[in-house]
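*Asks:* Next comes the structure file coords-v3.txt, holding compact mmCIF, C-alpha atoms.
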# COMPACT_ATOMS: atom_id res chain seq x y z
CA ALA K 1 17.68 2.62 -4.63
CA GLN K 2 14.14 1.93 -5.76
CA LYS K 3 12.88 -1.29 -4.25
CA ILE K 4 9.87 -1.63 -6.52
CA THR K 5 9.84 -0.29 -10.06
CA GLN K 6 6.75 0.13 -12.18
CA THR K 7 7.85 1.61 -15.48
CA GLN K 8 4.41 2.17 -16.97
CA PRO K 9 2.77 5.27 -15.55
CA GLY K 10 -0.29 4.65 -17.74
CA MET K 11 -1.73 1.86 -19.85
CA PHE K 12 -4.72 1.48 -22.15
CA VAL K 13 -6.41 -1.81 -22.95
CA GLN K 14 -9.43 -2.71 -25.02
CA GLU K 15 -12.29 -4.27 -23.13
CA LYS K 16 -12.10 -8.09 -23.14
CA GLU K 17 -8.43 -8.04 -24.00
CA ALA K 18 -5.63 -9.17 -21.66
CA VAL K 19 -3.11 -6.69 -20.26
CA THR K 20 0.22 -7.05 -18.46
CA LEU K 21 1.36 -4.54 -15.87
CA ASP K 22 5.09 -4.61 -15.26
CA CYS K 23 6.81 -4.75 -11.91
CA THR K 24 10.45 -5.35 -11.06
CA TYR K 25 11.89 -5.45 -7.59
CA ASP K 26 15.20 -5.28 -5.83
CA THR K 27 16.06 -7.23 -2.72
CA SER K 28 18.94 -9.19 -1.26
CA ASP K 29 16.63 -11.24 0.93
CA GLN K 30 15.87 -14.83 -0.03
CA SER K 31 12.48 -14.71 1.60
CA TYR K 32 10.00 -12.08 0.51
CA GLY K 33 6.45 -11.60 -0.63
CA LEU K 34 5.05 -9.72 -3.60
CA PHE K 35 1.61 -8.14 -3.75
CA TRP K 36 -0.58 -6.32 -6.17
CA TYR K 37 -3.18 -3.81 -5.07
CA LYS K 38 -5.86 -1.99 -7.02
CA GLN K 39 -6.92 1.56 -6.20
CA PRO K 40 -10.10 2.65 -7.98
CA SER K 41 -11.11 6.28 -8.20
CA SER K 42 -13.01 5.90 -4.94
CA GLY K 43 -9.63 5.71 -3.21
CA GLU K 44 -9.60 2.46 -1.28
CA MET K 45 -6.76 -0.02 -1.68
CA ILE K 46 -7.93 -3.48 -2.71
CA PHE K 47 -5.70 -6.52 -2.38
CA LEU K 48 -5.57 -8.56 -5.59
CA ILE K 49 -2.91 -11.24 -5.44
CA TYR K 50 0.10 -12.49 -3.50
CA GLN K 51 3.25 -14.40 -4.52
CA GLY K 52 5.76 -15.76 -2.03
CA SER K 53 9.39 -15.98 -3.03
CA TYR K 54 9.45 -19.73 -2.41
CA ASP K 55 6.23 -20.43 -4.29
CA GLU K 56 7.08 -22.51 -7.31
CA GLN K 57 3.87 -21.84 -9.16
CA ASN K 58 2.62 -18.49 -10.33
CA ALA K 59 -0.22 -17.15 -8.22
CA THR K 60 -3.66 -16.88 -9.78
CA GLU K 61 -6.87 -15.29 -8.47
CA GLY K 62 -9.72 -15.36 -10.93
CA ARG K 63 -8.83 -13.09 -13.84
CA TYR K 64 -5.59 -12.03 -12.15
CA SER K 65 -2.35 -13.92 -12.45
CA LEU K 66 1.14 -13.01 -11.37
CA ASN K 67 3.94 -13.82 -13.80
CA PHE K 68 6.75 -14.42 -11.32
CA GLN K 69 10.25 -14.62 -12.78
CA LYS K 70 12.55 -14.87 -9.82
CA ALA K 71 15.86 -14.75 -11.67
CA ARG K 72 14.79 -11.57 -13.43
CA LYS K 73 13.21 -10.18 -10.25
CA SER K 74 9.99 -9.44 -11.98
CA ALA K 75 6.41 -9.91 -10.82
CA ASN K 76 4.13 -8.76 -13.59
CA LEU K 77 0.37 -8.72 -13.14
CA VAL K 78 -1.70 -10.17 -15.95
CA ILE K 79 -5.38 -9.27 -16.14
CA SER K 80 -7.30 -11.42 -18.57
CA ALA K 81 -10.54 -10.41 -20.25
CA SER K 82 -10.38 -6.78 -19.10
CA GLN K 83 -13.57 -5.16 -17.87
CA LEU K 84 -14.49 -1.49 -17.62
CA GLY K 85 -14.40 -1.83 -13.85
CA ASP K 86 -10.72 -2.71 -14.04
CA SER K 87 -9.90 0.94 -14.76
CA ALA K 88 -7.86 2.01 -11.74
CA MET K 89 -4.39 2.56 -10.36
CA TYR K 90 -2.46 -0.64 -9.77
CA PHE K 91 0.36 -0.88 -7.25
CA CYS K 92 3.00 -3.55 -6.97
CA ALA K 93 4.40 -4.04 -3.47
CA MET K 94 6.94 -6.16 -1.62
CA ARG K 95 7.49 -7.35 1.90
CA GLU K 96 11.05 -8.46 2.63
CA GLY K 97 12.41 -10.92 5.15
CA LEU K 98 11.00 -13.62 7.35
CA GLY K 99 7.96 -13.30 9.50
CA GLY K 100 5.12 -10.89 9.15
CA TYR K 101 6.71 -7.98 10.92
CA GLN K 102 8.27 -6.23 7.97
CA LYS K 103 6.95 -3.20 6.19
CA VAL K 104 5.49 -3.33 2.72
CA THR K 105 7.14 -1.12 0.08
CA PHE K 106 5.14 0.13 -2.89
CA GLY K 107 5.92 1.06 -6.46
CA THR K 108 4.74 4.30 -8.06
CA GLY K 109 1.73 2.67 -9.64
CA THR K 110 0.33 2.17 -13.12
CA LYS K 111 -2.92 3.80 -14.19
CA LEU K 112 -4.92 1.38 -16.28
CA GLN K 113 -7.76 2.57 -18.48
CA VAL K 114 -10.03 0.05 -20.11
CA ILE K 115 -11.57 1.27 -23.35
CA PRO K 116 -15.01 0.03 -24.40
CA GLU B 1 -16.07 -8.62 10.22
CA ALA B 2 -15.21 -4.92 10.07
CA GLY B 3 -12.29 -3.92 7.90
CA VAL B 4 -9.72 -1.25 8.60
CA THR B 5 -11.49 2.00 9.27
CA GLN B 6 -10.06 5.48 9.16
CA PHE B 7 -11.44 8.73 10.43
CA PRO B 8 -12.00 11.30 9.13
CA SER B 9 -12.33 10.52 5.44
CA HIS B 10 -11.51 14.12 4.54
CA SER B 11 -9.92 16.96 6.44
CA VAL B 12 -9.21 20.50 5.33
CA ILE B 13 -7.12 22.58 7.72
CA GLU B 14 -5.12 25.75 7.60
CA LYS B 15 -1.37 25.80 7.68
CA GLY B 16 -0.19 25.82 11.27
CA GLN B 17 -3.18 23.96 12.65
CA THR B 18 -3.16 20.51 14.18
CA VAL B 19 -4.88 17.46 12.79
CA THR B 20 -5.25 13.98 14.24
CA LEU B 21 -6.02 11.02 12.05
CA ARG B 22 -7.34 7.80 13.50
CA CYS B 23 -7.08 4.23 12.31
CA ASP B 24 -8.89 1.21 13.69
CA PRO B 25 -7.25 -1.97 12.41
CA ILE B 26 -8.92 -5.30 11.93
CA SER B 27 -9.40 -6.94 15.29
CA GLY B 28 -6.54 -9.28 16.14
CA HIS B 29 -4.06 -7.77 13.70
CA ASP B 30 -0.76 -7.08 15.42
CA ASN B 31 0.71 -5.09 12.56
CA LEU B 32 -0.47 -1.59 11.84
CA TYR B 33 1.07 0.55 9.13
CA TRP B 34 0.73 4.17 8.13
CA TYR B 35 1.40 5.22 4.54
CA ARG B 36 1.04 8.49 2.70
CA ARG B 37 0.48 9.29 -0.93
CA VAL B 38 1.22 12.82 -1.99
CA MET B 39 -0.52 13.88 -5.20
CA GLY B 40 0.95 12.10 -8.21
CA LYS B 41 3.65 10.34 -6.27
CA GLU B 42 4.21 6.88 -4.89
CA ILE B 43 2.78 5.50 -1.69
CA LYS B 44 5.39 6.16 0.94
CA PHE B 45 5.79 4.20 4.13
CA LEU B 46 5.61 6.25 7.30
CA LEU B 47 5.76 3.79 10.15
CA HIS B 48 4.90 0.35 11.40
CA PHE B 49 3.56 -0.75 14.76
CA VAL B 50 3.72 -4.25 16.09
CA LYS B 51 1.09 -4.22 18.79
CA GLU B 52 1.83 -1.04 20.74
CA SER B 53 5.51 -0.82 19.81
CA LYS B 54 6.99 1.13 16.93
CA GLN B 55 8.79 -1.47 14.85
CA ASP B 56 9.97 0.93 12.19
CA GLU B 57 9.41 4.67 11.98
CA SER B 58 12.02 5.40 9.36
CA GLY B 59 9.47 6.93 7.02
CA MET B 60 8.23 9.65 9.34
CA PRO B 61 9.11 12.89 7.54
CA ASN B 62 9.92 15.03 10.58
CA ASN B 63 9.08 15.69 14.20
CA ARG B 64 5.82 17.39 13.32
CA PHE B 65 4.40 13.90 12.92
CA LEU B 66 3.56 11.83 15.97
CA ALA B 67 2.01 8.38 15.86
CA GLU B 68 0.69 6.43 18.79
CA ARG B 69 -0.95 3.09 19.33
CA THR B 70 -1.83 2.89 22.98
CA GLY B 71 -2.89 -0.56 24.09
CA GLY B 72 -2.09 -2.03 20.72
CA THR B 73 -5.53 -1.35 19.31
CA TYR B 74 -6.32 1.78 17.33
CA SER B 75 -3.67 4.24 16.24
CA THR B 76 -3.55 7.99 15.84
CA LEU B 77 -1.33 10.08 13.64
CA LYS B 78 -1.03 13.71 14.66
CA VAL B 79 0.41 16.42 12.49
CA GLN B 80 1.36 19.54 14.44
CA PRO B 81 1.75 22.12 13.04
CA ALA B 82 0.56 21.17 9.57
CA GLU B 83 2.38 22.49 6.51
CA LEU B 84 1.21 22.73 2.90
CA GLU B 85 3.40 19.80 1.84
CA ASP B 86 1.62 17.52 4.28
CA SER B 87 -1.39 17.41 1.97
CA GLY B 88 -2.10 13.98 0.59
CA VAL B 89 -3.94 10.78 1.30
CA TYR B 90 -2.95 8.97 4.48
CA PHE B 91 -3.55 5.25 4.43
CA CYS B 92 -3.60 2.88 7.32
CA ALA B 93 -3.20 -0.86 6.88
CA SER B 94 -3.15 -3.84 9.18
CA SER B 95 -2.03 -7.43 8.89
CA GLN B 96 -1.63 -10.51 11.01
CA GLY B 97 1.77 -11.48 12.36
CA THR B 98 2.48 -14.15 9.79
CA GLN B 99 4.49 -13.84 6.63
CA ASN B 100 2.18 -14.90 3.89
CA THR B 101 -0.65 -12.54 4.53
CA GLU B 102 -1.65 -9.40 2.80
CA ALA B 103 -2.09 -6.04 4.44
CA PHE B 104 -5.67 -4.78 4.48
CA PHE B 105 -6.05 -1.10 3.85
CA GLY B 106 -8.45 1.47 5.12
CA GLN B 107 -10.17 3.87 2.76
CA GLY B 108 -7.66 6.59 3.54
CA THR B 109 -7.91 10.10 4.93
CA ARG B 110 -7.55 12.87 2.39
CA LEU B 111 -5.76 15.75 4.13
CA THR B 112 -5.68 19.15 2.52
CA VAL B 113 -3.63 21.88 4.12
CA VAL B 114 -4.44 25.36 2.82
Write out the structure in this file as structure tokens.
*Replies:*
Amino acid sequence: AQKITQTQPGMFVQEKEAVTLDCTYDTSDQSYGLFWYKQPSSGEMIFLIYQGSYDEQNATEGRYSLNFQKARKSANLVISASQLGDSAMYFCAMREGLGGYQKVTFGTGTKLQVIP
Amino acid sequence: EAGVTQFPSHSVIEKGQTVTLRCDPISGHDNLYWYRRVMGKEIKFLLHFVKESKQDESGMPNNRFLAERTGGTYSTLKVQPAELEDSGVYFCASSQGTQNTEAFFGQGTRLTVV
């Protein structure tokens, strides 16, 4: 079964507008972490934001925020005020279980294109 | 501080040849991961080292792939013999041994088997 599901293979957004990238996950663990990474055309993977399963508040990092809805098992990424440089692949990921010694599982990614 | 570095950045080899990819994690990171992204598909986990030990190698596709991390520092991933379907981008990542930390990725090695 898919652990991380990203249902949007591609998204367009107008520059300066906000965009939401969807991510749902599946786990039976009570303790887990959720991540978003950005992969620009240059290929590197850039960490954006982290949400722990016990964190009561949604994580925010600058223009990025994570809309964490635990009961629905969703962890959508919201990018406010989109910029041309935001055009990239975006991957949602999850680490399950306690401690740091668990692997991170990725979704299939969403390709975001920001239109001027 | 240096990030995760991978070498080479690109490799083009013929089917049947051997290729060795190298990853140098961030100093002090116990966890080292290898991932692979085949064209147009998701990033797939290959294996996970904790220091020099293989914590989880459930993602290794077959016995043509051999990963090592001698001394718990850098890691190598050898493909022998390479097949066409091995083409893709191989990512290495490292993280500290605590829960609430992200994994830092290298820039990846793009492997093309022709």
*Asks:* Could you list the residues in chain K lying within 12 Å of chain B, using all atoms listed in the file, and format the result as a PyMOL selection string?
*Replies:* chain K and resi 2-6+9+31-55+89-111
*Asks:* Please list as number ranges by chain every residue within 7 Å of stretch 15-25 of chain K, counting only C-alpha atoms and excluding residues in the same chain fewer than 4 positions away.
*Replies:* K: 3-7, 73-84, 92, 114-116
*Asks:* Could you please determine the separation between atom CA of B:Asp86 and atom CA of B:Val19 in Å, to one decimal place?
*Replies:*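 Between atom CA of B:Asp86 and atom CA of B:Val19 the gap works out to 10.7 Å.
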*Asks:* Find, counting only C-alpha atoms, the residue in B:Leu111, B:Tyr90, B:Lys51, B:Val12 that gets nearest to B:Thr70.
*Replies:*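 Smallest distance to B:Thr70 is found for B:Lys51.
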*Asks:* Between atom CA of B:Glu68 and atom CA of B:Ser87, what is the spacing in Å?
*Replies:*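 We find that atom CA of B:Ser87 and atom CA of B:Glu68 lie 20.2 Å from each other.
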*Asks:* Just how far from atom CA of B:Lys78 is atom CA of B:Gly16, in Å to one decimal?
*Replies:*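 These two atoms are separated by 12.6 Å.
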*Asks:* Give the answer as one residue: which of B:Val114, B:Ile26, B:Leu21, B:Val38 has the shortest atom-to-atom distance to B:Val4, using all atoms listed in the file?
*Replies:*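 Distance minimum relative to B:Val4 lands on B:Ile26.
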*Asks:* Around stretch 78-84 of chain K, fit a box with edges along x, y and z, padding it by 3 Å on each side, then list its centre and edge lengths in Å to one decimal as AutoDock Vina command-line options.
*Replies:*
--center_x -8.1 --center_y -6.5 --center_z -18.1 --size_x 18.8 --size_y 15.9 --size_z 10.3
*Asks:* Measuring between all atoms listed in the file, which one of B:Gly3, B:Gly88, B:Pro81, B:Gly59 shows the shortest distance to B:His29?
*Replies:*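 Nearest candidate to B:His29 out of B:Gly3, B:Gly88, B:Pro81, B:Gly59: B:Gly3.
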